[in-house]
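Presented below is the structure to which this report refers.
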Amino acid sequence: MALFAHQDAQLGELEGTGYLFQNKETHPASYQGVFFGPNDKAESIESLVDEDPVSFKGVMYKKNRAGQIKGSKVEMTVDVTQFREVSMGARALLEVVEEDE
């Protein structure tokens, strides 16, 4: 069951819906996400798996200690780790890339 609502998002140059979220079950906490694009763009989305990281523009959800969820607009660099066609369209699983700056 999804805890977060899909919002308009952009993965590279592709338009769709999705979100990022903070996964506190890993140590240190990591950021992951999902992106859904139209089926006619499935080949373009699938080509991003194992390629260089791409930009994700959309919403990131974070849950505070009281359990409240807050969404904020972000632009982050992500790796596409997995692709699958599902009933909602072409789905890509994302991991935020840690940038050394």
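Letters A, B, ... mark the chains of the structure tokens in the order given; residue numbers begin at 1 per chain; ligand numbers begin at 1, in order shown.
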
**OP:** Can you pull out every residue within 7 Å of Val78 (chain A), counting only C-alpha atoms, but drop anything in the same chain fewer than 5 positions away, and send it as a ChimeraX atom specification?
**Re:** /A:53-56,94-97

**OP:** Please identify which residues in region 5-94 of chain A DSSP calls strand (DSSP E) from the backbone, and express them as a ChimeraX atom specification.
**Re:** /A:7-11,14-23,30-37,54-63,69-86,89-94

Original post:
Taking only C-alpha atoms into account, which of A:Met88, A:Leu14, A:Leu20, A:Ala9 comes nearest Glu43 (chain A)?
Top reply: A:Leu14

**OP:** Choose the residue, out of A:Gly67, A:Glu75, A:Asp8, A:Gly16, that has the smallest atom-to-atom separation from Asp40 (chain A); count only C-alpha atoms.
**Re:** A:Gly16

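Interatomic distance, CA of Leu11 (chain A) to CA of Lys57 (chain A): 6.6 Å.
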
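Atom pair CA of Val49 (chain A) / CA of Phe83 (chain A): separated by 7.0 Å.
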
**OP:** Run DSSP on the backbone and give me the residues of region 29-90 of chain A it puts in alpha helix (DSSP H), as a PyMOL selection string.
**Re:** chain A and resi 42-46

Those same residues - C-alpha atoms - I'd like them written as an mmCIF file, in the first residue's frame.
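Wrote it out as part.cif, contents follow:
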```cif
data_model
loop_
_atom_site.group_PDB
_atom_site.id
_atom_site.type_symbol
_atom_site.label_atom_id
_atom_site.label_comp_id
_atom_site.auth_asym_id
_atom_site.auth_seq_id
_atom_site.Cartn_x
_atom_site.Cartn_y
_atom_site.Cartn_z
ATOM 1 C CA ALA A 42 8.668 2.719 -21.853
ATOM 2 C CA GLU A 43 11.733 2.167 -24.037
ATOM 3 C CA SER A 44 13.138 5.598 -23.121
ATOM 4 C CA ILE A 45 12.583 4.974 -19.414
ATOM 5 C CA GLU A 46 14.046 1.469 -19.564
#
```

Original post:
Excluding same-chain residues fewer than 6 positions from Met60 (chain A), what lies within 10 Å of it counting only C-alpha atoms, as a list in words?
Top reply: Phe4, Gln7, Gly18, Tyr19, Leu20, Phe21, Gln22, Tyr31, Gln32, Gly33, Lys70, Gly71, Ser72, Lys73, Val74, Glu75 and Met76 of chain A

Those residues with N, CA and C atoms, as an mmCIF file, in the first residue's frame please?
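Final output, selection.cif:
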```cif
data_model
loop_
_atom_site.group_PDB
_atom_site.id
_atom_site.type_symbol
_atom_site.label_atom_id
_atom_site.label_comp_id
_atom_site.auth_asym_id
_atom_site.auth_seq_id
_atom_site.Cartn_x
_atom_site.Cartn_y
_atom_site.Cartn_z
ATOM 1 N N PHE A 4 2.271 7.530 -0.070
ATOM 2 C CA PHE A 4 2.431 8.852 -0.644
ATOM 3 C C PHE A 4 1.634 8.988 -1.935
ATOM 4 N N GLN A 7 2.591 12.721 -7.690
ATOM 5 C CA GLN A 7 2.522 14.114 -8.110
ATOM 6 C C GLN A 7 3.158 14.231 -9.491
ATOM 7 N N GLY A 18 5.164 10.809 -9.953
ATOM 8 C CA GLY A 18 6.008 10.058 -9.039
ATOM 9 C C GLY A 18 6.347 10.873 -7.818
ATOM 10 N N TYR A 19 7.340 10.382 -7.069
ATOM 11 C CA TYR A 19 7.766 11.063 -5.851
ATOM 12 C C TYR A 19 9.053 10.438 -5.346
ATOM 13 N N LEU A 20 9.717 11.148 -4.455
ATOM 14 C CA LEU A 20 10.853 10.634 -3.698
ATOM 15 C C LEU A 20 10.424 10.568 -2.242
ATOM 16 N N PHE A 21 11.087 9.719 -1.458
ATOM 17 C CA PHE A 21 10.779 9.635 -0.039
ATOM 18 C C PHE A 21 12.034 9.251 0.729
ATOM 19 N N GLN A 22 12.042 9.590 1.996
ATOM 20 C CA GLN A 22 13.161 9.252 2.861
ATOM 21 C C GLN A 22 12.920 7.869 3.448
ATOM 22 N N TYR A 31 17.404 8.101 0.299
ATOM 23 C CA TYR A 31 16.259 8.645 -0.411
ATOM 24 C C TYR A 31 16.008 7.790 -1.637
ATOM 25 N N GLN A 32 14.769 7.352 -1.778
ATOM 26 C CA GLN A 32 14.368 6.505 -2.886
ATOM 27 C C GLN A 32 13.128 7.104 -3.512
ATOM 28 N N GLY A 33 12.692 6.518 -4.609
ATOM 29 C CA GLY A 33 11.490 7.026 -5.233
ATOM 30 C C GLY A 33 10.980 6.148 -6.342
ATOM 31 N N LYS A 70 5.202 15.535 5.152
ATOM 32 C CA LYS A 70 5.289 16.827 4.484
ATOM 33 C C LYS A 70 5.949 16.614 3.121
ATOM 34 N N GLY A 71 5.362 17.197 2.090
ATOM 35 C CA GLY A 71 5.927 17.117 0.748
ATOM 36 C C GLY A 71 6.502 18.453 0.334
ATOM 37 N N SER A 72 7.667 18.425 -0.311
ATOM 38 C CA SER A 72 8.259 19.665 -0.809
ATOM 39 C C SER A 72 8.829 19.420 -2.199
ATOM 40 N N LYS A 73 8.790 20.448 -3.020
ATOM 41 C CA LYS A 73 9.311 20.368 -4.389
ATOM 42 C C LYS A 73 10.833 20.314 -4.333
ATOM 43 N N VAL A 74 11.416 19.403 -5.126
ATOM 44 C CA VAL A 74 12.865 19.250 -5.167
ATOM 45 C C VAL A 74 13.324 18.994 -6.600
ATOM 46 N N GLU A 75 14.610 19.197 -6.801
ATOM 47 C CA GLU A 75 15.280 18.750 -8.014
ATOM 48 C C GLU A 75 16.539 18.044 -7.540
ATOM 49 N N MET A 76 16.630 16.737 -7.803
ATOM 50 C CA MET A 76 17.738 15.934 -7.316
ATOM 51 C C MET A 76 18.236 15.017 -8.427
#
```

**OP:** Provide the CA of Ser87 (chain A) to CA of Ile69 (chain A) distance in Å, to one decimal place.
**Re:**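 The value is 26.6 Å.
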
Original post:
Contacts of Gly89 (chain A) at 7 Å or less, counting only C-alpha atoms, minus same-chain residues fewer than 6 places along, as a list in words?
Top reply: Phe36, Gly37, Pro38 and Asn39 of chain A

Subject >> Residue among A:Thr81, A:Tyr61, A:Leu93, A:Lys41 lying closest to Asn23 (chain A), counting only C-alpha atoms >> reply: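 Of all the options, A:Tyr61 lies closest to Asn23 (chain A).
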